[in-house]
>>> print(open('entry.cif').read())   # mmCIF, C-alpha atoms
data_work
#
loop_
_atom_site.group_PDB
_atom_site.id
_atom_site.type_symbol
_atom_site.label_atom_id
_atom_site.label_comp_id
_atom_site.auth_asym_id
_atom_site.auth_seq_id
_atom_site.Cartn_x
_atom_site.Cartn_y
_atom_site.Cartn_z
ATOM 1 C CA MET T 5 16.652 28.490 -21.690
ATOM 2 C CA GLU T 6 16.406 26.907 -18.252
ATOM 3 C CA LEU T 7 19.707 26.675 -16.352
ATOM 4 C CA ALA T 8 18.518 23.798 -14.158
ATOM 5 C CA PHE T 9 15.851 21.176 -14.748
ATOM 6 C CA ILE T 10 15.089 17.459 -14.549
ATOM 7 C CA PRO T 11 15.692 15.912 -17.977
ATOM 8 C CA SER T 12 13.286 13.339 -19.387
ATOM 9 C CA PRO T 13 14.752 10.096 -20.696
ATOM 10 C CA SER T 14 15.258 10.016 -24.442
ATOM 11 C CA ARG T 15 13.359 6.728 -24.558
ATOM 12 C CA GLY T 16 11.234 4.684 -22.196
ATOM 13 C CA VAL T 17 12.090 1.298 -23.664
ATOM 14 C CA LEU T 18 15.258 -0.545 -24.594
ATOM 15 C CA TYR T 19 15.396 -3.629 -26.783
ATOM 16 C CA LEU T 20 17.347 -6.745 -25.946
ATOM 17 C CA GLY T 21 17.115 -8.223 -29.417
ATOM 18 C CA PRO T 22 13.365 -8.590 -30.035
ATOM 19 C CA ILE T 23 12.569 -8.307 -26.304
ATOM 20 C CA PRO T 24 11.440 -4.852 -25.117
ATOM 21 C CA LEU T 25 12.691 -3.738 -21.699
ATOM 22 C CA ARG T 26 10.331 -1.015 -20.538
ATOM 23 C CA GLY T 27 11.217 1.422 -17.762
ATOM 24 C CA TYR T 28 7.599 1.616 -16.601
ATOM 25 C CA ALA T 29 7.409 -2.146 -16.088
ATOM 26 C CA PHE T 30 10.768 -2.257 -14.305
ATOM 27 C CA CYS T 31 9.608 0.361 -11.813
ATOM 28 C CA ILE T 32 6.450 -1.627 -11.056
ATOM 29 C CA ILE T 33 8.401 -4.888 -10.641
ATOM 30 C CA ILE T 34 11.039 -3.345 -8.384
ATOM 31 C CA GLY T 35 8.313 -1.758 -6.284
ATOM 32 C CA VAL T 36 6.578 -5.109 -5.810
ATOM 33 C CA PHE T 37 9.814 -6.770 -4.674
ATOM 34 C CA VAL T 38 10.488 -3.981 -2.169
ATOM 35 C CA ALA T 39 6.942 -4.229 -0.797
ATOM 36 C CA VAL T 40 7.178 -8.008 -0.353
ATOM 37 C CA TRP T 41 10.675 -7.820 1.184
ATOM 38 C CA LEU T 42 9.746 -5.174 3.746
ATOM 39 C CA GLY T 43 6.366 -6.755 4.417
ATOM 40 C CA ASN T 44 8.056 -10.084 5.133
ATOM 41 C CA LYS T 45 10.450 -8.484 7.633
ATOM 42 C CA ARG T 46 7.589 -6.768 9.433
ATOM 43 C CA TRP T 47 5.459 -9.926 9.398
ATOM 44 C CA VAL T 48 8.231 -12.052 10.919
ATOM 45 C CA ALA T 49 8.852 -9.370 13.557
ATOM 46 C CA ARG T 50 5.177 -9.626 14.500
ATOM 47 C CA GLY T 51 5.532 -13.384 14.989
ATOM 48 C CA GLY T 52 4.530 -14.677 11.551
ATOM 49 C CA GLN T 53 6.285 -17.216 9.366
ATOM 50 C CA PRO T 54 8.771 -16.216 6.634
ATOM 51 C CA GLY T 55 7.236 -16.620 3.203
ATOM 52 C CA THR T 56 3.643 -15.926 4.226
ATOM 53 C CA VAL T 57 3.698 -12.392 2.799
ATOM 54 C CA ALA T 58 5.043 -13.651 -0.531
ATOM 55 C CA ASP T 59 2.461 -16.438 -0.683
ATOM 56 C CA ILE T 60 -0.387 -13.977 -0.188
ATOM 57 C CA ALA T 61 1.223 -11.495 -2.606
ATOM 58 C CA VAL T 62 0.892 -14.127 -5.320
ATOM 59 C CA TRP T 63 -2.832 -13.413 -5.078
ATOM 60 C CA ALA T 64 -2.700 -9.713 -4.267
ATOM 61 C CA VAL T 65 -0.349 -8.508 -7.029
ATOM 62 C CA PRO T 66 -2.236 -9.878 -10.069
ATOM 63 C CA PHE T 67 -5.547 -8.696 -8.610
ATOM 64 C CA GLY T 68 -3.989 -5.300 -7.963
ATOM 65 C CA LEU T 69 -2.681 -4.941 -11.510
ATOM 66 C CA VAL T 70 -6.067 -5.850 -12.957
ATOM 67 C CA GLY T 71 -7.850 -3.505 -10.567
ATOM 68 C CA GLY T 72 -5.494 -0.643 -11.320
ATOM 69 C CA ARG T 73 -5.951 -1.046 -15.037
ATOM 70 C CA LEU T 74 -9.737 -1.373 -14.758
ATOM 71 C CA TYR T 75 -10.001 1.827 -12.745
ATOM 72 C CA HIS T 76 -7.907 3.706 -15.300
ATOM 73 C CA VAL T 77 -9.817 2.384 -18.298
ATOM 74 C CA ILE T 78 -13.216 3.036 -16.702
ATOM 75 C CA THR T 79 -12.410 6.574 -15.567
ATOM 76 C CA ASP T 80 -10.625 7.451 -18.840
ATOM 77 C CA TYR T 81 -12.749 5.364 -21.181
ATOM 78 C CA GLU T 82 -12.651 8.011 -23.924
ATOM 79 C CA LEU T 83 -8.961 7.227 -24.447
ATOM 80 C CA TYR T 84 -9.902 3.752 -25.658
ATOM 81 C CA PHE T 85 -13.535 3.682 -26.760
ATOM 82 C CA SER T 86 -14.228 7.086 -28.305
ATOM 83 C CA LYS T 87 -14.258 7.721 -32.044
ATOM 84 C CA GLY T 88 -10.887 7.202 -33.696
ATOM 85 C CA ARG T 89 -9.507 5.195 -30.749
ATOM 86 C CA ASP T 90 -8.531 1.532 -30.736
ATOM 87 C CA TRP T 91 -10.074 -0.417 -27.842
ATOM 88 C CA VAL T 92 -7.190 -2.900 -27.986
ATOM 89 C CA ASP T 93 -5.003 -0.184 -26.421
ATOM 90 C CA ALA T 94 -6.901 -0.733 -23.177
ATOM 91 C CA PHE T 95 -4.835 -3.899 -22.690
ATOM 92 C CA LYS T 96 -1.464 -2.206 -23.252
ATOM 93 C CA VAL T 97 -0.528 -1.789 -19.597
ATOM 94 C CA TRP T 98 3.122 -1.189 -20.486
ATOM 95 C CA GLU T 99 2.184 2.171 -22.000
ATOM 96 C CA GLY T 100 1.107 3.417 -18.579
ATOM 97 C CA GLY T 101 -2.237 3.808 -16.874
ATOM 98 C CA LEU T 102 -2.708 2.129 -13.481
ATOM 99 C CA GLY T 103 -5.152 3.737 -11.043
ATOM 100 C CA ILE T 104 -3.971 3.307 -7.454
ATOM 101 C CA TRP T 105 -7.546 3.269 -6.149
ATOM 102 C CA GLY T 106 -8.459 0.238 -8.237
ATOM 103 C CA ALA T 107 -5.124 -1.412 -7.500
ATOM 104 C CA ILE T 108 -5.613 -1.156 -3.732
ATOM 105 C CA ALA T 109 -9.283 -2.190 -3.859
ATOM 106 C CA LEU T 110 -8.893 -5.272 -6.027
ATOM 107 C CA GLY T 111 -5.454 -6.023 -4.580
ATOM 108 C CA ALA T 112 -7.080 -6.139 -1.139
ATOM 109 C CA LEU T 113 -9.583 -8.666 -2.470
ATOM 110 C CA GLY T 114 -6.754 -10.843 -3.752
ATOM 111 C CA ALA T 115 -4.912 -10.480 -0.436
ATOM 112 C CA TRP T 116 -8.082 -11.465 1.427
ATOM 113 C CA ILE T 117 -8.335 -14.638 -0.635
ATOM 114 C CA GLY T 118 -4.681 -15.463 -0.025
ATOM 115 C CA ALA T 119 -4.909 -14.666 3.685
ATOM 116 C CA ARG T 120 -8.008 -16.807 4.040
ATOM 117 C CA ARG T 121 -6.223 -19.730 2.399
ATOM 118 C CA ARG T 122 -3.314 -19.337 4.814
ATOM 119 C CA GLY T 123 -5.613 -18.816 7.791
ATOM 120 C CA VAL T 124 -4.132 -15.465 8.817
ATOM 121 C CA PRO T 125 -6.085 -12.324 9.832
ATOM 122 C CA MET T 126 -6.340 -9.889 6.948
ATOM 123 C CA PRO T 127 -6.013 -6.735 9.122
ATOM 124 C CA ALA T 128 -2.696 -7.935 10.567
ATOM 125 C CA TYR T 129 -1.391 -8.719 7.086
ATOM 126 C CA ALA T 130 -2.469 -5.286 5.838
ATOM 127 C CA ASP T 131 -0.621 -3.607 8.714
ATOM 128 C CA ALA T 132 2.545 -5.516 7.884
ATOM 129 C CA VAL T 133 2.613 -4.593 4.192
ATOM 130 C CA ALA T 134 1.361 -0.998 4.463
ATOM 131 C CA PRO T 135 4.772 0.791 4.487
ATOM 132 C CA GLY T 136 6.033 -1.472 1.725
ATOM 133 C CA ILE T 137 3.085 -0.537 -0.473
ATOM 134 C CA ALA T 138 3.926 3.144 0.023
ATOM 135 C CA PHE T 139 7.555 2.509 -0.942
ATOM 136 C CA ALA T 140 6.354 0.534 -3.975
ATOM 137 C CA GLN T 141 4.249 3.508 -5.063
ATOM 138 C CA ALA T 142 7.250 5.790 -4.641
ATOM 139 C CA ILE T 143 9.280 3.587 -6.957
ATOM 140 C CA GLY T 144 6.435 2.971 -9.384
ATOM 141 C CA ARG T 145 5.914 6.720 -9.944
ATOM 142 C CA TRP T 146 9.259 6.848 -11.722
ATOM 143 C CA GLY T 147 7.617 4.809 -14.450
ATOM 144 C CA ASN T 148 5.691 7.986 -15.318
ATOM 145 C CA TRP T 149 9.040 9.743 -15.747
ATOM 146 C CA PHE T 150 10.106 7.130 -18.289
ATOM 147 C CA ASN T 151 6.820 7.616 -20.165
ATOM 148 C CA GLN T 152 6.899 11.443 -19.908
ATOM 149 C CA GLU T 153 3.387 11.548 -18.465
ATOM 150 C CA LEU T 154 1.322 12.898 -15.563
ATOM 151 C CA TYR T 155 3.202 16.153 -15.060
ATOM 152 C CA GLY T 156 1.882 19.410 -13.615
ATOM 153 C CA HIS T 157 1.510 23.007 -14.666
ATOM 154 C CA GLU T 158 4.223 24.821 -16.575
ATOM 155 C CA THR T 159 6.899 26.250 -14.294
ATOM 156 C CA HIS T 160 10.409 27.684 -14.225
ATOM 157 C CA VAL T 161 11.561 26.316 -10.860
ATOM 158 C CA PRO T 162 15.068 24.747 -10.864
ATOM 159 C CA TRP T 163 13.581 21.264 -10.489
ATOM 160 C CA ALA T 164 11.178 21.640 -13.440
ATOM 161 C CA LEU T 165 10.650 18.548 -15.571
ATOM 162 C CA HIS T 166 11.684 18.985 -19.195
ATOM 163 C CA ILE T 167 9.132 17.282 -21.442
ATOM 164 C CA THR T 168 10.553 16.626 -24.903
ATOM 165 C CA SER T 169 7.945 14.320 -26.448
ATOM 166 C CA ALA T 170 5.126 15.713 -28.580
ATOM 167 C CA GLU T 171 3.183 12.435 -28.774
ATOM 168 C CA GLY T 172 -0.367 12.143 -27.479
ATOM 169 C CA GLY T 173 -0.989 15.874 -27.457
ATOM 170 C CA ARG T 174 2.011 16.729 -25.262
ATOM 171 C CA VAL T 175 3.534 20.184 -25.605
ATOM 172 C CA PRO T 176 7.307 20.181 -25.012
ATOM 173 C CA GLY T 177 8.308 22.496 -22.207
ATOM 174 C CA TYR T 178 9.083 22.722 -18.499
ATOM 175 C CA TYR T 179 6.497 21.489 -16.010
ATOM 176 C CA HIS T 180 6.082 20.623 -12.344
ATOM 177 C CA PRO T 181 7.379 17.048 -11.818
ATOM 178 C CA THR T 182 4.292 15.737 -10.048
ATOM 179 C CA PHE T 183 5.642 12.202 -10.374
ATOM 180 C CA LEU T 184 8.563 13.293 -8.168
ATOM 181 C CA TYR T 185 6.306 15.073 -5.690
ATOM 182 C CA GLU T 186 4.185 11.974 -5.241
ATOM 183 C CA SER T 187 7.233 9.717 -5.039
ATOM 184 C CA LEU T 188 8.716 11.795 -2.213
ATOM 185 C CA TRP T 189 5.329 12.023 -0.496
ATOM 186 C CA CYS T 190 4.976 8.222 -0.554
ATOM 187 C CA VAL T 191 8.414 7.829 1.035
ATOM 188 C CA GLY T 192 7.276 10.177 3.784
ATOM 189 C CA VAL T 193 4.045 8.202 4.235
ATOM 190 C CA ALA T 194 5.991 4.944 4.580
ATOM 191 C CA LEU T 195 8.290 6.451 7.219
ATOM 192 C CA LEU T 196 5.285 7.915 9.063
ATOM 193 C CA VAL T 197 3.551 4.528 9.234
ATOM 194 C CA ILE T 198 6.720 2.783 10.426
ATOM 195 C CA TRP T 199 7.238 5.394 13.160
ATOM 196 C CA ALA T 200 3.591 5.437 14.273
ATOM 197 C CA ASP T 201 3.443 1.648 14.327
ATOM 198 C CA ARG T 202 6.459 1.460 16.627
ATOM 199 C CA ARG T 203 5.315 4.338 18.804
ATOM 200 C CA PHE T 204 1.651 3.430 19.229
ATOM 201 C CA LYS T 205 1.646 -0.339 18.526
ATOM 202 C CA LEU T 206 -0.977 -0.058 15.801
ATOM 203 C CA GLY T 207 -3.007 -3.166 15.133
ATOM 204 C CA HIS T 208 -6.203 -4.551 13.606
ATOM 205 C CA GLY T 209 -5.664 -2.711 10.300
ATOM 206 C CA ARG T 210 -4.972 0.741 11.725
ATOM 207 C CA ALA T 211 -1.433 0.982 10.304
ATOM 208 C CA PHE T 212 -2.882 0.316 6.872
ATOM 209 C CA ALA T 213 -5.649 2.867 7.441
ATOM 210 C CA LEU T 214 -3.028 5.445 8.451
ATOM 211 C CA TYR T 215 -1.157 4.778 5.209
ATOM 212 C CA VAL T 216 -4.367 5.247 3.216
ATOM 213 C CA ALA T 217 -5.297 8.501 4.988
ATOM 214 C CA ALA T 218 -1.809 10.000 4.713
ATOM 215 C CA TYR T 219 -1.504 9.068 1.048
ATOM 216 C CA CYS T 220 -4.876 10.649 0.265
ATOM 217 C CA VAL T 221 -3.766 13.963 1.776
ATOM 218 C CA GLY T 222 -0.800 14.125 -0.572
ATOM 219 C CA ARG T 223 -2.678 12.805 -3.562
ATOM 220 C CA GLY T 224 -5.244 15.560 -3.118
ATOM 221 C CA TRP T 225 -2.878 18.495 -3.634
ATOM 222 C CA ILE T 226 -0.690 16.694 -6.178
ATOM 223 C CA GLU T 227 -3.729 15.727 -8.264
ATOM 224 C CA TYR T 228 -4.817 19.364 -8.251
ATOM 225 C CA MET T 229 -1.517 20.319 -9.937
ATOM 226 C CA ARG T 230 -1.777 17.866 -12.823
ATOM 227 C CA VAL T 231 -2.730 19.043 -16.313
ATOM 228 C CA ASP T 232 -3.613 15.738 -17.967
ATOM 229 C CA ASP T 233 -7.233 15.323 -19.050
ATOM 230 C CA ALA T 234 -9.583 14.155 -16.320
ATOM 231 C CA HIS T 235 -13.271 14.151 -15.465
ATOM 232 C CA HIS T 236 -14.398 16.954 -13.156
ATOM 233 C CA ILE T 237 -17.219 17.086 -10.606
ATOM 234 C CA LEU T 238 -18.134 20.501 -9.174
ATOM 235 C CA GLY T 239 -14.836 21.881 -10.387
ATOM 236 C CA LEU T 240 -12.661 19.172 -8.826
ATOM 237 C CA ARG T 241 -10.954 16.307 -10.604
ATOM 238 C CA LEU T 242 -12.502 12.883 -10.049
ATOM 239 C CA ASN T 243 -9.410 11.612 -8.252
ATOM 240 C CA ASP T 244 -9.598 14.527 -5.820
ATOM 241 C CA TRP T 245 -13.113 13.457 -4.852
ATOM 242 C CA THR T 246 -11.959 9.858 -4.558
ATOM 243 C CA ALA T 247 -9.077 10.899 -2.304
ATOM 244 C CA LEU T 248 -11.438 12.904 -0.099
ATOM 245 C CA VAL T 249 -13.949 10.071 0.316
ATOM 246 C CA VAL T 250 -11.273 7.429 0.943
ATOM 247 C CA PHE T 251 -9.525 9.718 3.445
ATOM 248 C CA LEU T 252 -12.726 10.120 5.466
ATOM 249 C CA LEU T 253 -13.376 6.374 5.428
ATOM 250 C CA ALA T 254 -9.831 5.655 6.625
ATOM 251 C CA VAL T 255 -10.103 8.159 9.499
ATOM 252 C CA VAL T 256 -13.479 6.757 10.564
ATOM 253 C CA TYR T 257 -12.008 3.244 10.539
ATOM 254 C CA ILE T 258 -9.096 4.313 12.754
ATOM 255 C CA VAL T 259 -11.418 5.930 15.301
ATOM 256 C CA VAL T 260 -13.990 3.126 15.417
ATOM 257 C CA SER T 261 -11.400 0.351 15.389
ATOM 258 C CA SER T 262 -9.432 1.969 18.222
ATOM 259 C CA LYS T 263 -12.539 1.940 20.420
ATOM 260 C CA LYS T 264 -13.782 -1.527 19.525
ATOM 261 C CA ARG T 265 -10.455 -3.362 19.268
ATOM 262 C CA PRO T 266 -7.725 -1.430 21.087
ATOM 263 C CA GLY T 267 -4.144 -2.606 21.064
ATOM 264 C CA ARG T 268 -2.432 -4.983 18.683
ATOM 265 C CA GLU T 269 -2.837 -8.666 17.871
ATOM 266 C CA THR T 270 -0.491 -10.853 19.909
ATOM 267 C CA VAL T 271 -0.778 -13.789 17.498
ATOM 268 C CA VAL T 272 -0.860 -13.109 13.755
ATOM 269 C CA GLU T 273 -0.450 -16.579 12.320
ATOM 270 C CA PRO T 274 -1.957 -19.813 13.655
ATOM 271 C CA GLY T 275 0.446 -22.700 14.062
ATOM 272 C CA VAL T 276 3.447 -20.529 14.868
ATOM 273 C CA SER T 277 4.890 -21.539 18.232
ATOM 274 C CA GLY T 278 5.012 -18.501 20.476
ATOM 275 C CA ALA T 279 4.410 -14.813 19.927
ATOM 276 C CA PRO T 280 7.268 -12.366 19.328
ATOM 277 C CA ALA T 281 9.358 -11.314 22.290
ATOM 278 C CA GLY T 282 7.317 -9.073 24.535
ATOM 279 C CA GLY T 283 4.192 -9.726 22.528
ATOM 280 C CA GLY T 284 2.145 -10.745 25.558
ATOM 281 C CA THR T 285 3.031 -7.535 27.425
ATOM 282 C CA GLU T 286 2.284 -5.011 24.685
ATOM 283 C CA ALA T 287 -0.127 -2.295 25.653
ATOM 284 C CA GLY T 288 -3.617 -3.172 24.591
ATOM 285 C CA GLY T 289 -2.953 -6.825 23.870
ATOM 286 C CA ASP T 290 -5.902 -9.123 23.272
ATOM 287 C CA THR T 291 -7.640 -9.789 26.566
ATOM 288 C CA ASP T 292 -8.444 -13.378 25.725
ATOM 289 C CA ALA T 293 -4.770 -14.078 25.228
ATOM 290 C CA GLY T 294 -3.956 -12.522 28.610
ATOM 291 C CA GLY T 295 -6.833 -14.380 30.228
ATOM 292 C CA GLY T 296 -5.477 -17.635 28.928
ATOM 293 C CA THR T 297 -2.102 -16.865 30.519
ATOM 294 C CA GLU T 298 -3.715 -16.140 33.878
ATOM 295 C CA ALA T 299 -5.735 -19.358 33.674
ATOM 296 C CA ARG T 300 -2.597 -21.357 32.974
ATOM 297 C CA ALA T 301 -0.800 -19.656 35.854
ATOM 298 C CA GLY T 302 -3.701 -20.442 38.163
ATOM 299 C CA ALA T 303 -3.774 -24.070 37.124
ATOM 300 C CA GLY T 304 -0.056 -24.355 37.668
ATOM 301 C CA GLY T 305 -0.399 -22.850 41.140
ATOM 302 C CA GLU T 306 -3.032 -25.409 42.156
ATOM 303 C CA GLU T 307 -0.934 -28.295 40.944
ATOM 304 C CA LYS T 308 2.044 -27.003 42.923
ATOM 305 C CA THR T 309 -0.068 -26.833 46.101
ATOM 306 C CA GLU T 310 -1.299 -30.376 45.663
ATOM 307 C CA GLY T 311 2.185 -31.644 45.056
ATOM 308 C CA SER T 312 3.878 -29.618 47.803
ATOM 309 C CA GLY T 313 4.196 -32.555 50.160
ATOM 310 C CA GLU T 314 1.456 -31.521 52.642
ATOM 311 C CA PRO T 315 -0.819 -34.470 53.760
ATOM 312 C CA ARG T 316 -4.300 -34.416 52.330
ATOM 313 C CA LYS T 317 -7.395 -34.365 54.655
ATOM 314 C CA ASP T 318 -8.315 -38.046 54.193
ATOM 315 C CA GLU T 319 -4.762 -39.160 54.941
ATOM 316 C CA ALA T 320 -4.735 -37.116 58.171
ATOM 317 C CA GLU T 321 -8.031 -38.704 59.366
ATOM 318 C CA SER T 322 -6.688 -42.218 58.695
ATOM 319 C CA ALA T 323 -3.630 -41.453 60.779
ATOM 320 C CA GLU T 324 -5.749 -40.230 63.744
ATOM 321 C CA LYS T 325 -7.924 -43.403 63.732
ATOM 322 C CA SER T 326 -4.940 -45.665 63.713
#
>>> encode(input="entry.cif", output="structure tokens")
Amino acid sequence: MELAFIPSPSRGVLYLGPIPLRGYAFCIIIGVFVAVWLGNKRWVARGGQPGTVADIAVWAVPFGLVGGRLYHVITDYELYFSKGRDWVDAFKVWEGGLGIWGAIALGALGAWIGARRRGVPMPAYADAVAPGIAFAQAIGRWGNWFNQELYGHETHVPWALHITSAEGGRVPGYYHPTFLYESLWCVGVALLVIWADRRFKLGHGRAFALYVAAYCVGRGWIEYMRVDDAHHILGLRLNDWTALVVFLLAVVYIVVSSKKRPGRETVVEPGVSGAPAGGGTEAGGDTDAGGGTEARAGAGGEEKTEGSGEPRKDEAESAEKS
């Protein structure tokens, strides 16, 4: 008998009369609220309007949920469309099964639509919400704890997860709590992005790319520990390959973007009067914005000279003739 372990909840759903209250859904909802709240604070600090992040999230969140479910169903189609399975279960999101890769991909499409409608640059929006998305993932992973799913190899470490359910082919026992590992990793990713963004003034989507790259590193080793059924390619789980490819794409984006568009956007939302304090003096600010400031300064200087009280040339000539 294990002296120390993480217990699994006796149930993943409570009923308020006929209404089911599912732990998995609560974790997803709380994560979304945290992401929007933090994203809004970061967006306003960058000079955007309050409420813009929430308005765009109205598009991004539904797209993300659909994308996450589609990725899961497509990559684990045998759970729903093989012999003896009921395809209707593919729509039962509350039972678990959201692929982060599909959620980010389709969620980005929804965010792009929302950002385009608001007239804001998508890269700047992505930078603002990146840490919040990582925190949302950290919270959402606890939904797997409620469902007693996605755990790792059997272990006897003091923080082992005690699986008690025998449904769906589970074998009760003590396993690595990969949900907890990924949750803690996502918290670290969020803190890393916040620190790097403050330290290096990341812009043009590079904060978001850093979040993607850092998450992929953790997902790679955590995915390798999991024991749930998955498709394999050359001995590696499909999600490991996905993490590797996405990681490389994110790193390439950071490098190329840094060379082509250094610095950070000074204006993130049209129609907002003024950039944030110090925005025009940030290292690597947009050159066109700085050029505009110099042009205005030059124009002001000329006007001051003309209005300085000195007689103009034609006035001086008239005075000499008279």
>>> closest_residue(input="entry.cif", among="T:Ile167, T:Leu69, T:Gly114, T:Arg203", to="Phe95 in chain T", atoms="all atoms listed in the file")
T:Leu69
>>> resolve_selection(input="entry.cif", expression="the PyMOL selection byres ((chain T and resi 45) around 12)", output="number ranges by chain")
T: 38-44, 46-58, 129, 132-133, 135-136
>>> atom_distance(input="entry.cif", atom1="CA of Ala218 in chain T", atom2="CA of Phe139 in chain T")
13.3 Å
>>> closest_residue(input="entry.cif", among="T:Ala200, T:Ala140, T:Ala254, T:Ala64", to="Val221 in chain T", atoms="only C-alpha atoms")
T:Ala254
>>> residues_around(input="entry.cif", residues="Arg120 in chain T", least_positions_apart="2", cutoff="12 Å", atoms="all atoms listed in the file", output="number ranges by chain")
T: 56, 59-60, 63, 112-118, 122-127, 129, 273-274
>>> write_last_selection(input="entry.cif", atoms="C-alpha atoms", output="PDB file, in the frame of the given file")
ATOM      1  CA  THR T  56       3.643 -15.926   4.226  1.00  0.00           C
ATOM      2  CA  ASP T  59       2.461 -16.438  -0.683  1.00  0.00           C
ATOM      3  CA  ILE T  60      -0.387 -13.977  -0.188  1.00  0.00           C
ATOM      4  CA  TRP T  63      -2.832 -13.413  -5.078  1.00  0.00           C
ATOM      5  CA  ALA T 112      -7.080  -6.139  -1.139  1.00  0.00           C
ATOM      6  CA  LEU T 113      -9.583  -8.666  -2.470  1.00  0.00           C
ATOM      7  CA  GLY T 114      -6.754 -10.843  -3.752  1.00  0.00           C
ATOM      8  CA  ALA T 115      -4.912 -10.480  -0.436  1.00  0.00           C
ATOM      9  CA  TRP T 116      -8.082 -11.465   1.427  1.00  0.00           C
ATOM     10  CA  ILE T 117      -8.335 -14.638  -0.635  1.00  0.00           C
ATOM     11  CA  GLY T 118      -4.681 -15.463  -0.025  1.00  0.00           C
ATOM     12  CA  ARG T 122      -3.314 -19.337   4.814  1.00  0.00           C
ATOM     13  CA  GLY T 123      -5.613 -18.816   7.791  1.00  0.00           C
ATOM     14  CA  VAL T 124      -4.132 -15.465   8.817  1.00  0.00           C
ATOM     15  CA  PRO T 125      -6.085 -12.324   9.832  1.00  0.00           C
ATOM     16  CA  MET T 126      -6.340  -9.889   6.948  1.00  0.00           C
ATOM     17  CA  PRO T 127      -6.013  -6.735   9.122  1.00  0.00           C
ATOM     18  CA  TYR T 129      -1.391  -8.719   7.086  1.00  0.00           C
ATOM     19  CA  GLU T 273      -0.450 -16.579  12.320  1.00  0.00           C
ATOM     20  CA  PRO T 274      -1.957 -19.813  13.655  1.00  0.00           C
TER      21      PRO T 274
END
>>> resolve_selection(input="entry.cif", expression="the PyMOL selection byres ((chain T and resi 70-72) around 6)", output="ChimeraX atom specification")
/T:67-69,73-75,102-104,106-107,110
>>> resolve_selection(input="entry.cif", expression="the PyMOL selection byres ((chain T and resi 185-194) around 7)", output="PyMOL selection string")
chain T and resi 135+138-139+141-143+145+181-184+195-198+215+218-219+222+226
>>> write_last_selection(input="entry.cif", atoms="C-alpha atoms", output="compact mmCIF listing (two decimals), in the frame of the given file")
# COMPACT_ATOMS: atom_id res chain seq x y z
CA PRO T 135 4.77 0.79 4.49
CA ALA T 138 3.93 3.14 0.02
CA PHE T 139 7.56 2.51 -0.94
CA GLN T 141 4.25 3.51 -5.06
CA ALA T 142 7.25 5.79 -4.64
CA ILE T 143 9.28 3.59 -6.96
CA ARG T 145 5.91 6.72 -9.94
CA PRO T 181 7.38 17.05 -11.82
CA THR T 182 4.29 15.74 -10.05
CA PHE T 183 5.64 12.20 -10.37
CA LEU T 184 8.56 13.29 -8.17
CA LEU T 195 8.29 6.45 7.22
CA LEU T 196 5.28 7.92 9.06
CA VAL T 197 3.55 4.53 9.23
CA ILE T 198 6.72 2.78 10.43
CA TYR T 215 -1.16 4.78 5.21
CA ALA T 218 -1.81 10.00 4.71
CA TYR T 219 -1.50 9.07 1.05
CA GLY T 222 -0.80 14.12 -0.57
CA ILE T 226 -0.69 16.69 -6.18
>>> closest_atom_pairs(input="entry.cif", of="range 129-165 of chain T", to="range 24-30 of chain T", cutoff="9 Å", atoms="all atoms listed in the file", output="JSON lines")
{"residue": "T:Gly144", "atom": "CA", "partner": "T:Tyr28", "partner_atom": "CA", "distance": 7.4}
{"residue": "T:Arg145", "atom": "CA", "partner": "T:Tyr28", "partner_atom": "CA", "distance": 8.6}
{"residue": "T:Trp146", "atom": "CA", "partner": "T:Tyr28", "partner_atom": "CA", "distance": 7.3}
{"residue": "T:Gly147", "atom": "CA", "partner": "T:Tyr28", "partner_atom": "CA", "distance": 3.8}
{"residue": "T:Asn148", "atom": "CA", "partner": "T:Tyr28", "partner_atom": "CA", "distance": 6.8}
{"residue": "T:Trp149", "atom": "CA", "partner": "T:Tyr28", "partner_atom": "CA", "distance": 8.3}
{"residue": "T:Phe150", "atom": "CA", "partner": "T:Gly27", "partner_atom": "CA", "distance": 5.8}
{"residue": "T:Asn151", "atom": "CA", "partner": "T:Tyr28", "partner_atom": "CA", "distance": 7.0}
>>> atom_distance(input="entry.cif", atom1="CA of Asp232 in chain T", atom2="CA of Asp93 in chain T")
18.1 Å
>>> axis_aligned_box(input="entry.cif", around="range 153-172 of chain T", padding_each_side="5 Å", output="JSON")
{"center_x": 7.4, "center_y": 19.6, "center_z": -19.6, "size_x": 25.4, "size_y": 26.1, "size_z": 28.3}
>>> closest_residue(input="entry.cif", among="T:Ala130, T:Ala213, T:Ile34, T:Ser12", to="Ser261 in chain T", atoms="only C-alpha atoms")
T:Ala213
